[in-house]
file protein.cif (mmCIF, C-alpha atoms)
data_final
loop_
_atom_site.label_atom_id
_atom_site.label_comp_id
_atom_site.auth_asym_id
_atom_site.auth_seq_id
_atom_site.Cartn_x
_atom_site.Cartn_y
_atom_site.Cartn_z
CA MET A 1 113.71 -93.85 -3.51
CA ALA A 2 113.64 -96.23 -6.46
CA THR A 3 114.41 -94.90 -9.90
CA ILE A 4 112.83 -96.21 -13.08
CA SER A 5 116.06 -97.95 -14.07
CA SER A 6 116.14 -99.86 -10.76
CA VAL A 7 112.69 -101.40 -11.22
CA PRO A 8 113.10 -105.11 -12.05
CA ALA A 9 111.99 -106.19 -15.52
CA GLY A 10 109.94 -109.14 -14.30
CA GLY A 11 107.42 -110.45 -16.82
CA SER A 12 109.19 -108.90 -19.78
CA THR A 13 110.01 -112.29 -21.29
CA PRO A 14 107.02 -113.69 -23.22
CA PRO A 15 105.88 -117.19 -22.29
CA ARG A 16 106.30 -120.06 -24.68
CA ARG A 17 103.59 -120.02 -27.32
CA SER A 18 100.68 -122.32 -26.52
CA VAL A 19 97.74 -123.45 -28.61
CA LEU A 20 94.70 -122.00 -26.86
CA LEU A 21 91.91 -124.55 -26.57
CA ASN A 22 90.08 -122.48 -23.97
CA PRO A 23 86.81 -120.75 -24.96
CA GLY A 24 88.36 -117.31 -25.47
CA PRO A 25 90.74 -115.58 -25.79
CA VAL A 26 91.70 -117.51 -28.89
CA VAL A 27 94.60 -117.95 -31.28
CA VAL A 28 94.25 -115.05 -33.71
CA HIS A 29 95.32 -114.56 -37.31
CA PRO A 30 98.78 -112.96 -37.71
CA GLU A 31 97.13 -110.02 -39.49
CA VAL A 32 94.95 -109.38 -36.43
CA ARG A 33 97.97 -109.34 -34.14
CA ALA A 34 99.87 -107.15 -36.61
CA ALA A 35 97.05 -104.59 -36.53
CA LEU A 36 98.02 -103.83 -32.92
CA SER A 37 101.12 -102.13 -34.29
CA TRP A 38 99.01 -99.36 -35.81
CA PRO A 39 100.70 -96.03 -34.97
CA ASP A 40 99.62 -94.23 -31.82
CA VAL A 41 96.38 -92.42 -32.62
CA CYS A 42 94.27 -89.99 -30.62
CA HIS A 43 90.79 -91.44 -30.19
CA ARG A 44 89.25 -88.09 -31.23
CA GLU A 45 91.05 -87.97 -34.58
CA SER A 46 89.50 -89.05 -37.88
CA GLU A 47 91.57 -92.24 -38.16
CA ALA A 48 90.06 -93.65 -34.96
CA LEU A 49 86.59 -92.20 -35.52
CA ASP A 50 86.35 -93.65 -39.02
CA ALA A 51 87.52 -97.04 -37.74
CA MET A 52 84.85 -96.97 -35.04
CA THR A 53 82.15 -96.35 -37.65
CA ARG A 54 83.43 -99.15 -39.88
CA VAL A 55 83.67 -101.63 -37.00
CA ARG A 56 80.11 -100.89 -35.91
CA ALA A 57 78.83 -101.61 -39.42
CA LYS A 58 80.86 -104.81 -39.77
CA ALA A 59 79.80 -106.12 -36.36
CA THR A 60 76.17 -105.50 -37.31
CA ALA A 61 76.63 -107.43 -40.55
CA VAL A 62 78.12 -110.44 -38.72
CA CYS A 63 75.11 -110.36 -36.36
CA GLY A 64 72.71 -110.65 -39.27
CA GLY A 65 71.39 -107.13 -38.90
CA ASP A 66 70.18 -104.92 -41.74
CA GLU A 67 69.84 -101.19 -42.36
CA ARG A 68 67.46 -100.94 -39.40
CA HIS A 69 70.16 -102.16 -37.01
CA THR A 70 73.40 -100.81 -35.63
CA SER A 71 75.99 -101.79 -33.03
CA VAL A 72 77.26 -99.89 -30.01
CA LEU A 73 80.91 -100.51 -29.09
CA LEU A 74 82.22 -100.67 -25.54
CA ALA A 75 85.74 -100.90 -24.15
CA GLY A 76 85.54 -103.96 -21.95
CA SER A 77 84.93 -107.68 -21.94
CA GLY A 78 81.71 -109.30 -23.07
CA THR A 79 80.38 -109.03 -19.53
CA ALA A 80 80.63 -105.22 -19.78
CA ALA A 81 78.40 -105.24 -22.85
CA LEU A 82 76.05 -107.74 -21.19
CA GLU A 83 75.66 -105.49 -18.17
CA ALA A 84 75.22 -102.45 -20.41
CA ALA A 85 72.39 -104.19 -22.23
CA PHE A 86 70.38 -105.38 -19.23
CA SER A 87 70.96 -102.26 -17.12
CA SER A 88 69.98 -99.98 -20.03
CA VAL A 89 67.08 -101.57 -21.91
CA VAL A 90 64.72 -102.53 -19.08
CA PRO A 91 62.54 -99.61 -17.91
CA PRO A 92 61.90 -98.94 -14.20
CA ASP A 93 58.56 -100.75 -14.37
CA GLY A 94 59.95 -103.60 -16.49
CA LYS A 95 60.64 -107.19 -15.51
CA VAL A 96 63.10 -109.76 -16.89
CA LEU A 97 62.51 -113.47 -17.34
CA VAL A 98 66.01 -114.93 -16.95
CA LEU A 99 66.45 -118.33 -18.62
CA ASP A 100 69.19 -120.11 -16.70
CA ASN A 101 70.81 -123.45 -17.53
CA GLY A 102 74.43 -122.73 -16.68
CA ASN A 103 76.98 -120.39 -15.18
CA TYR A 104 76.36 -117.62 -17.69
CA GLY A 105 72.60 -117.78 -17.29
CA ASP A 106 73.28 -117.35 -13.59
CA ARG A 107 75.51 -114.38 -14.48
CA VAL A 108 72.56 -112.70 -16.21
CA HIS A 109 70.54 -113.31 -13.03
CA ARG A 110 73.28 -111.69 -10.93
CA ILE A 111 73.54 -108.66 -13.24
CA VAL A 112 69.79 -108.11 -13.11
CA SER A 113 69.81 -108.53 -9.32
CA VAL A 114 72.65 -106.05 -8.80
CA HIS A 115 70.63 -103.36 -10.55
CA GLY A 116 67.47 -104.10 -8.60
CA ILE A 117 65.52 -105.02 -11.71
CA ALA A 118 62.36 -107.08 -11.18
CA GLU A 119 62.98 -110.67 -12.27
CA GLU A 120 61.50 -114.09 -12.79
CA HIS A 121 64.38 -116.56 -12.57
CA LEU A 122 63.58 -119.74 -14.52
CA GLU A 123 66.18 -122.46 -13.83
CA PHE A 124 66.40 -125.61 -15.93
CA GLY A 125 69.50 -127.29 -14.46
CA TRP A 126 73.01 -127.02 -15.80
CA THR A 127 72.93 -129.93 -18.23
CA ASN A 128 69.36 -129.48 -19.46
CA PRO A 129 68.35 -127.50 -22.55
CA ILE A 130 65.97 -124.58 -22.22
CA ASP A 131 62.44 -125.70 -23.03
CA PRO A 132 60.54 -123.24 -25.28
CA ASP A 133 57.23 -124.59 -23.93
CA ALA A 134 58.27 -123.67 -20.38
CA VAL A 135 59.15 -120.19 -21.62
CA ASP A 136 55.73 -119.95 -23.27
CA ARG A 137 54.00 -120.91 -20.02
CA ALA A 138 56.03 -118.44 -17.96
CA LEU A 139 55.24 -115.55 -20.29
CA ALA A 140 51.56 -116.44 -20.43
CA ALA A 141 51.41 -116.56 -16.62
CA ASP A 142 53.06 -113.17 -16.00
CA PRO A 143 52.07 -110.19 -18.18
CA ALA A 144 54.44 -107.98 -16.15
CA ILE A 145 57.45 -109.56 -17.89
CA THR A 146 58.80 -107.18 -20.52
CA HIS A 147 62.13 -108.76 -21.42
CA VAL A 148 63.61 -112.25 -21.68
CA GLY A 149 67.31 -112.98 -21.16
CA LEU A 150 68.87 -115.94 -22.97
CA VAL A 151 72.42 -117.26 -23.19
CA HIS A 152 72.76 -118.76 -26.67
CA HIS A 153 75.91 -120.83 -26.15
CA GLU A 154 76.31 -121.76 -22.49
CA THR A 155 80.01 -122.60 -22.49
CA SER A 156 80.02 -123.76 -18.86
CA THR A 157 78.42 -126.96 -20.20
CA GLY A 158 78.88 -126.60 -23.97
CA MET A 159 75.10 -126.31 -24.44
CA LEU A 160 73.69 -124.58 -27.53
CA ASN A 161 70.23 -123.34 -26.60
CA PRO A 162 67.40 -123.25 -29.21
CA LEU A 163 67.54 -119.57 -30.15
CA ARG A 164 64.98 -119.40 -32.95
CA ALA A 165 62.36 -121.48 -31.15
CA ILE A 166 62.67 -119.28 -28.06
CA GLY A 167 62.69 -116.14 -30.18
CA GLU A 168 59.41 -117.17 -31.79
CA VAL A 169 57.82 -117.76 -28.38
CA VAL A 170 59.02 -114.41 -27.01
CA ALA A 171 57.89 -112.51 -30.11
CA GLY A 172 54.52 -114.28 -30.00
CA HIS A 173 53.96 -112.80 -26.55
CA GLY A 174 55.11 -109.35 -27.64
CA ARG A 175 58.12 -109.28 -25.30
CA SER A 176 61.72 -108.24 -25.99
CA LEU A 177 64.54 -110.83 -26.31
CA VAL A 178 68.03 -110.00 -25.03
CA VAL A 179 70.60 -112.59 -26.16
CA ASP A 180 74.05 -113.25 -24.75
CA GLY A 181 75.81 -114.23 -27.98
CA ILE A 182 79.26 -113.73 -26.49
CA SER A 183 80.37 -117.29 -27.28
CA SER A 184 78.31 -117.84 -30.42
CA VAL A 185 78.50 -114.74 -32.65
CA GLY A 186 80.85 -115.67 -35.49
CA ALA A 187 80.36 -119.44 -35.07
CA GLU A 188 76.57 -119.58 -35.33
CA GLU A 189 74.50 -117.81 -37.98
CA PHE A 190 72.27 -115.04 -36.67
CA ASP A 191 69.40 -113.21 -38.32
CA MET A 192 68.25 -110.43 -36.01
CA THR A 193 64.81 -110.35 -37.65
CA GLU A 194 64.12 -114.04 -38.30
CA ASP A 195 65.47 -115.05 -34.88
CA HIS A 196 63.38 -112.30 -33.22
CA VAL A 197 66.43 -110.95 -31.38
CA ASP A 198 65.95 -107.43 -30.09
CA TRP A 199 69.35 -107.06 -28.41
CA LEU A 200 72.44 -109.16 -29.17
CA VAL A 201 75.60 -108.97 -27.05
CA GLY A 202 78.94 -109.96 -28.56
CA THR A 203 82.65 -109.69 -27.92
CA ALA A 204 85.79 -109.56 -30.05
CA ASN A 205 87.86 -112.31 -28.49
CA LYS A 206 85.91 -115.53 -29.00
CA CYS A 207 84.46 -116.80 -32.28
CA LEU A 208 85.05 -113.45 -34.00
CA GLU A 209 88.75 -114.22 -33.46
CA GLY A 210 89.79 -110.76 -32.30
CA LEU A 211 91.64 -109.69 -29.16
CA PRO A 212 90.22 -108.95 -25.69
CA GLY A 213 89.16 -105.41 -24.88
CA THR A 214 86.21 -104.60 -27.16
CA SER A 215 82.61 -105.76 -26.93
CA PHE A 216 79.33 -104.57 -28.43
CA VAL A 217 75.54 -104.59 -28.36
CA CYS A 218 73.60 -104.87 -31.62
CA GLY A 219 69.99 -103.67 -31.82
CA ARG A 220 67.49 -101.71 -33.85
CA ARG A 221 68.20 -98.01 -34.26
CA ASP A 222 64.69 -97.03 -33.22
CA ALA A 223 64.96 -99.15 -30.07
CA LEU A 224 68.29 -97.53 -29.20
CA ASP A 225 66.79 -94.08 -29.76
CA ALA A 226 63.86 -95.01 -27.51
CA LEU A 227 66.25 -95.68 -24.63
CA ALA A 228 66.28 -91.90 -24.12
CA ASP A 229 63.12 -92.49 -22.08
CA VAL A 230 64.75 -95.13 -19.83
CA PRO A 231 66.62 -93.59 -16.87
CA ALA A 232 70.26 -94.63 -16.83
CA ARG A 233 71.23 -97.08 -14.09
CA THR A 234 74.97 -96.67 -14.69
CA PHE A 235 77.30 -93.95 -15.89
CA TYR A 236 79.95 -95.77 -17.90
CA LEU A 237 77.70 -98.53 -19.25
CA ASP A 238 74.77 -96.34 -20.34
CA LEU A 239 73.93 -97.88 -23.71
CA HIS A 240 71.91 -94.90 -24.92
CA GLY A 241 74.72 -92.48 -24.09
CA HIS A 242 77.21 -94.55 -26.09
CA HIS A 243 74.74 -94.86 -28.97
CA VAL A 244 74.16 -91.12 -29.20
CA ALA A 245 77.89 -90.38 -29.07
CA GLN A 246 78.84 -93.00 -31.67
CA ASP A 247 75.88 -92.73 -34.03
CA ARG A 248 75.01 -89.02 -33.94
CA VAL A 249 78.10 -87.22 -32.72
CA GLY A 250 80.42 -89.66 -34.48
CA ALA A 251 82.79 -89.90 -31.52
CA PRO A 252 83.23 -92.31 -28.61
CA LEU A 253 81.63 -91.36 -25.31
CA PHE A 254 84.80 -92.40 -23.47
CA THR A 255 88.26 -93.51 -24.58
CA PRO A 256 88.06 -96.80 -26.49
CA ALA A 257 90.80 -99.43 -26.71
CA VAL A 258 92.07 -97.88 -29.94
CA GLN A 259 94.69 -100.42 -31.04
CA VAL A 260 92.38 -103.31 -30.10
CA LEU A 261 89.70 -101.65 -32.22
CA PHE A 262 91.96 -101.73 -35.28
CA ALA A 263 92.72 -105.39 -34.58
CA PHE A 264 89.00 -106.09 -34.21
CA GLU A 265 88.31 -104.54 -37.58
CA ARG A 266 90.81 -106.88 -39.22
CA ALA A 267 89.19 -109.84 -37.44
CA LEU A 268 85.77 -108.75 -38.70
CA ASP A 269 87.13 -108.45 -42.23
CA LEU A 270 88.37 -112.03 -41.99
CA VAL A 271 85.07 -113.46 -40.72
CA LEU A 272 83.09 -111.58 -43.35
CA ALA A 273 85.42 -112.87 -46.07
CA GLU A 274 85.25 -116.44 -44.75
CA GLY A 275 81.52 -116.26 -44.06
CA VAL A 276 79.87 -117.24 -40.78
CA ARG A 277 78.49 -120.43 -42.35
CA ALA A 278 81.94 -121.47 -43.55
CA ARG A 279 83.50 -120.63 -40.18
CA ALA A 280 80.82 -122.69 -38.44
CA ALA A 281 81.62 -125.61 -40.77
CA ARG A 282 85.35 -125.23 -40.02
CA TYR A 283 84.66 -125.32 -36.30
CA ARG A 284 82.32 -128.30 -36.61
CA ASP A 285 84.97 -130.24 -38.53
CA LEU A 286 87.54 -129.60 -35.81
CA ALA A 287 85.02 -130.51 -33.11
CA SER A 288 83.96 -133.74 -34.81
CA ARG A 289 87.56 -134.93 -35.14
CA LEU A 290 88.30 -134.08 -31.51
CA ARG A 291 85.12 -135.79 -30.33
CA ALA A 292 85.83 -138.90 -32.35
CA GLY A 293 89.23 -139.10 -30.64
CA PHE A 294 87.71 -138.54 -27.19
CA ALA A 295 85.16 -141.29 -27.84
CA GLU A 296 87.90 -143.69 -28.97
CA ARG A 297 89.73 -143.02 -25.71
CA GLY A 298 86.63 -143.68 -23.62
CA PHE A 299 86.06 -140.15 -22.36
CA GLU A 300 82.64 -139.36 -20.92
CA PHE A 301 80.95 -136.36 -22.53
CA LEU A 302 79.01 -133.97 -20.29
CA LEU A 303 76.21 -133.53 -22.86
CA PRO A 304 74.61 -135.72 -25.51
CA GLU A 305 75.65 -134.90 -29.05
CA GLU A 306 72.40 -133.18 -30.04
CA HIS A 307 72.85 -130.44 -27.42
CA ARG A 308 76.51 -129.60 -28.04
CA ALA A 309 77.65 -126.41 -29.72
CA GLY A 310 80.19 -126.73 -32.51
CA SER A 311 83.00 -124.89 -30.76
CA VAL A 312 83.37 -126.35 -27.24
CA THR A 313 83.39 -129.91 -25.88
CA ASN A 314 82.97 -130.60 -22.16
CA LEU A 315 84.43 -133.84 -20.81
CA ARG A 316 84.68 -135.56 -17.46
CA VAL A 317 88.24 -135.91 -16.19
CA PRO A 318 89.32 -139.59 -16.13
CA HIS A 319 89.08 -141.29 -12.75
CA GLY A 320 92.21 -141.22 -10.66
CA ILE A 321 93.61 -137.90 -11.82
CA ASP A 322 92.91 -134.27 -10.95
CA TYR A 323 91.94 -131.58 -13.44
CA ALA A 324 94.73 -129.25 -12.29
CA ASP A 325 97.32 -131.95 -12.98
CA LEU A 326 95.81 -132.66 -16.39
CA HIS A 327 95.81 -128.95 -17.24
CA ASP A 328 99.46 -128.57 -16.27
CA ALA A 329 100.53 -131.71 -18.15
CA LEU A 330 98.78 -130.50 -21.30
CA LYS A 331 100.28 -127.03 -20.95
CA GLU A 332 103.72 -128.65 -20.86
CA GLU A 333 102.74 -130.20 -24.19
CA GLY A 334 101.85 -126.75 -25.55
CA PHE A 335 98.04 -126.83 -25.21
CA VAL A 336 95.81 -124.80 -22.86
CA VAL A 337 92.44 -126.26 -21.84
CA TYR A 338 89.89 -124.83 -19.43
CA GLY A 339 88.15 -125.96 -16.26
CA VAL A 340 84.52 -125.52 -15.28
CA GLN A 341 82.63 -124.37 -12.21
CA ALA A 342 82.99 -126.63 -9.17
CA ARG A 343 79.34 -127.67 -9.09
CA LEU A 344 79.88 -129.78 -12.22
CA GLY A 345 82.66 -131.76 -10.59
CA GLN A 346 85.81 -132.87 -12.40
CA VAL A 347 84.98 -131.59 -15.89
CA PHE A 348 87.14 -129.74 -18.39
CA ARG A 349 86.52 -127.89 -21.64
CA VAL A 350 88.28 -128.21 -24.97
CA ALA A 351 87.39 -125.37 -27.33
CA ASN A 352 88.10 -125.28 -31.04
CA MET A 353 87.61 -121.55 -31.62
CA GLY A 354 90.18 -119.38 -33.30
CA GLN A 355 92.83 -119.78 -35.96
CA LEU A 356 93.78 -123.39 -35.31
CA ASP A 357 95.90 -125.43 -37.70
CA PRO A 358 94.00 -128.22 -39.48
CA SER A 359 96.24 -130.73 -37.69
CA THR A 360 95.31 -129.44 -34.23
CA PRO A 361 92.85 -132.26 -33.31
CA GLU A 362 95.37 -135.01 -34.04
CA ASP A 363 98.23 -133.09 -32.44
CA PHE A 364 96.20 -132.44 -29.31
CA LEU A 365 94.99 -136.02 -29.01
CA ALA A 366 98.56 -137.28 -29.23
CA ALA A 367 99.56 -134.79 -26.52
CA LEU A 368 96.60 -135.90 -24.43
CA ASP A 369 97.78 -139.52 -24.66
CA ARG A 370 101.24 -138.54 -23.48
CA ALA A 371 99.84 -136.45 -20.64
CA LEU A 372 97.53 -139.23 -19.45
CA GLU A 373 100.34 -141.75 -19.57
CA ARG A 374 102.57 -139.52 -17.43
CA LEU A 375 99.72 -139.04 -14.95
CA GLY A 376 99.11 -142.75 -14.73
CA ALA A 377 95.54 -142.64 -16.07
CA VAL A 378 94.06 -145.77 -17.55
CA LYS A 379 92.06 -145.38 -20.72
CA ALA A 380 88.42 -146.20 -20.12
CA SER A 381 88.37 -148.10 -23.42
CA ALA A 382 91.28 -150.35 -22.39
#

call {"tool": "encode", "arguments": {"input": "protein.cif", "output": "structure tokens"}}
result
Amino acid sequence: MATISSVPAGGSTPPRRSVLLNPGPVVVHPEVRAALSWPDVCHRESEALDAMTRVRAKATAVCGGDERHTSVLLAGSGTAALEAAFSSVVPPDGKVLVLDNGNYGDRVHRIVSVHGIAEEHLEFGWTNPIDPDAVDRALAADPAITHVGLVHHETSTGMLNPLRAIGEVVAGHGRSLVVDGISSVGAEEFDMTEDHVDWLVGTANKCLEGLPGTSFVCGRRDALDALADVPARTFYLDLHGHHVAQDRVGAPLFTPAVQVLFAFERALDLVLAEGVRARAARYRDLASRLRAGFAERGFEFLLPEEHRAGSVTNLRVPHGIDYADLHDALKEEGFVVYGVQARLGQVFRVANMGQLDPSTPEDFLAALDRALERLGAVKASA
């Protein structure tokens, strides 16, 4: 029988540090990482409970909420919060209009389907923007629709969908808008009221520059209270149950990721100090310098400029090489990029989220040149 001392210590050596140019998790500020060293704390003690209350308020502020709004924290990835939202806010006789123009729009469709919720699935194609006029027509044609699901930043293509225009259409029909802001909160300015967002889903480890393990749903307090009348479809992801525990009892419903919560608070402090508008400008500057370099090298962009978000660029892999080889060559250079779903073909993503050095675009482009040369690729501009 093996003893603890005989168990091999595989994986105990950290990998070489890489610059993460994938769309989350991201490179975080040293103060965020240092917050993980907070002493061991029981999640039912005042230190953790007070932090939970502060984090909820700060997340709400970043989302553009006011005193009428609050946030509900969940231990899990952004998908956990997304499932909590859709499985909790739609009543048994409700129906969701799912707006789908990418992998994450399709994920909303799959979440709704798993829970047996009535749905109208409106597909636009993976490289096409969502058309507010089409949304208007769909809502006018079906009065049974109660909720609309929208992915704000569809990172599978790099598409930034027109949030405010869609919000105005949904509000004009008196329906409720549920927004997946997982890849946009922190990099795009939100105003819960002016954008007509009823429910906003976010996560710590993307543009809020925290660490994986905590996500949240922001909404109006009265709407969260009203969920008492909606039968729960899940046990762990019951949004109303978490709201009551956090907002009224002042304690988590289940054990949160305590150390990650402290790190998330530091990340929220940093984004509030920087300002969402300033962070968006920082990201756009990085993206513009990367994109200028890609254009100079003859790369083909997946989307036209007017549809791209400011934090992710999707590019077609040069002819004659494979994405996996390009990924590995870049990782040898110290940079991690990200692939896409197979239906888009040989496409890869370069994100500029997180605490990146100002020199990152130029450093990455130089590494890209070296990687392409080793792989034998010929620049399209040559």

call {"tool": "atom_distance", "arguments": {"input": "protein.cif", "atom1": "atom CA of A:Asp328", "atom2": "atom CA of A:Leu372"}}
result
11.3 Å

call {"tool": "closest_residue", "arguments": {"input": "protein.cif", "among": "A:Ala309, A:Asp222, A:Leu344, A:Asp136", "to": "A:Gly102", "atoms": "all atoms listed in the file"}}
result
A:Leu344

call {"tool": "residues_around", "arguments": {"input": "protein.cif", "residues": "A:Tyr323", "least_positions_apart": "2", "cutoff": "12 Å", "atoms": "all atoms listed in the file", "output": "ChimeraX atom specification"}}
result
/A:315-321,325-330,337-342,345-349,371-372,375,377

call {"tool": "atom_distance", "arguments": {"input": "protein.cif", "atom1": "atom CA of A:Gly213", "atom2": "atom CA of A:Gly76"}}
result
4.9 Å

call {"tool": "resolve_selection", "arguments": {"input": "protein.cif", "expression": "the PyMOL selection byres ((chain A and resi 181-194) around 7)", "output": "count of residues only"}}
result
24

call {"tool": "residues_around", "arguments": {"input": "protein.cif", "residues": "stretch 33-47 of chain A", "least_positions_apart": "6", "cutoff": "12 Å", "atoms": "only C-alpha atoms", "output": "number ranges by chain"}}
result
A: 26-27, 53-54, 205, 209-212, 245-246, 249-267, 355

call {"tool": "atom_distance", "arguments": {"input": "protein.cif", "atom1": "atom CA of A:Leu286", "atom2": "atom CA of A:Glu305"}}
result
14.7 Å

call {"tool": "build_atoms", "arguments": {"input": "protein.cif", "residues": "stretch 278-301 of chain A", "atoms": "N, CA and C atoms", "output": "CSV table (one decimal), in the frame of the given file"}}
result
chain,number,residue,atom,x,y,z
A,278,ALA,N,80.7,-120.7,-43.3
A,278,ALA,CA,81.9,-121.5,-43.6
A,278,ALA,C,82.8,-121.6,-42.3
A,279,ARG,N,82.8,-120.5,-41.4
A,279,ARG,CA,83.5,-120.6,-40.2
A,279,ARG,C,82.8,-121.7,-39.3
A,280,ALA,N,81.5,-121.7,-39.2
A,280,ALA,CA,80.8,-122.7,-38.4
A,280,ALA,C,81.2,-124.1,-38.9
A,281,ALA,N,81.3,-124.3,-40.2
A,281,ALA,CA,81.6,-125.6,-40.8
A,281,ALA,C,83.1,-126.0,-40.4
A,282,ARG,N,84.0,-125.0,-40.4
A,282,ARG,CA,85.4,-125.2,-40.0
A,282,ARG,C,85.4,-125.7,-38.6
A,283,TYR,N,84.7,-125.0,-37.7
A,283,TYR,CA,84.7,-125.3,-36.3
A,283,TYR,C,84.1,-126.7,-36.1
A,284,ARG,N,83.0,-127.0,-36.8
A,284,ARG,CA,82.3,-128.3,-36.6
A,284,ARG,C,83.2,-129.4,-37.0
A,285,ASP,N,84.0,-129.2,-38.1
A,285,ASP,CA,85.0,-130.2,-38.5
A,285,ASP,C,86.0,-130.5,-37.5
A,286,LEU,N,86.6,-129.4,-36.9
A,286,LEU,CA,87.5,-129.6,-35.8
A,286,LEU,C,86.9,-130.3,-34.6
A,287,ALA,N,85.7,-129.9,-34.3
A,287,ALA,CA,85.0,-130.5,-33.1
A,287,ALA,C,84.7,-132.0,-33.3
A,288,SER,N,84.3,-132.3,-34.5
A,288,SER,CA,84.0,-133.7,-34.8
A,288,SER,C,85.2,-134.6,-34.7
A,289,ARG,N,86.3,-134.1,-35.2
A,289,ARG,CA,87.6,-134.9,-35.1
A,289,ARG,C,88.1,-135.1,-33.7
A,290,LEU,N,87.9,-134.0,-32.9
A,290,LEU,CA,88.3,-134.1,-31.5
A,290,LEU,C,87.4,-135.1,-30.8
A,291,ARG,N,86.1,-135.0,-31.0
A,291,ARG,CA,85.1,-135.8,-30.3
A,291,ARG,C,85.3,-137.3,-30.7
A,292,ALA,N,85.6,-137.5,-32.0
A,292,ALA,CA,85.8,-138.9,-32.4
A,292,ALA,C,87.0,-139.5,-31.6
A,293,GLY,N,88.1,-138.7,-31.4
A,293,GLY,CA,89.2,-139.1,-30.6
A,293,GLY,C,88.9,-139.3,-29.2
A,294,PHE,N,88.1,-138.4,-28.6
A,294,PHE,CA,87.7,-138.5,-27.2
A,294,PHE,C,86.9,-139.8,-27.0
A,295,ALA,N,86.0,-140.1,-27.9
A,295,ALA,CA,85.2,-141.3,-27.8
A,295,ALA,C,86.0,-142.5,-27.9
A,296,GLU,N,87.0,-142.5,-28.8
A,296,GLU,CA,87.9,-143.7,-29.0
A,296,GLU,C,88.7,-144.0,-27.7
A,297,ARG,N,89.0,-142.9,-26.9
A,297,ARG,CA,89.7,-143.0,-25.7
A,297,ARG,C,88.8,-143.3,-24.5
A,298,GLY,N,87.5,-143.4,-24.7
A,298,GLY,CA,86.6,-143.7,-23.6
A,298,GLY,C,86.3,-142.5,-22.7
A,299,PHE,N,86.5,-141.3,-23.2
A,299,PHE,CA,86.1,-140.2,-22.4
A,299,PHE,C,84.5,-140.1,-22.3
A,300,GLU,N,84.1,-139.6,-21.1
A,300,GLU,CA,82.6,-139.4,-20.9
A,300,GLU,C,82.3,-137.9,-21.2
A,301,PHE,N,81.4,-137.7,-22.2
A,301,PHE,CA,81.0,-136.4,-22.5
A,301,PHE,C,79.9,-135.9,-21.5
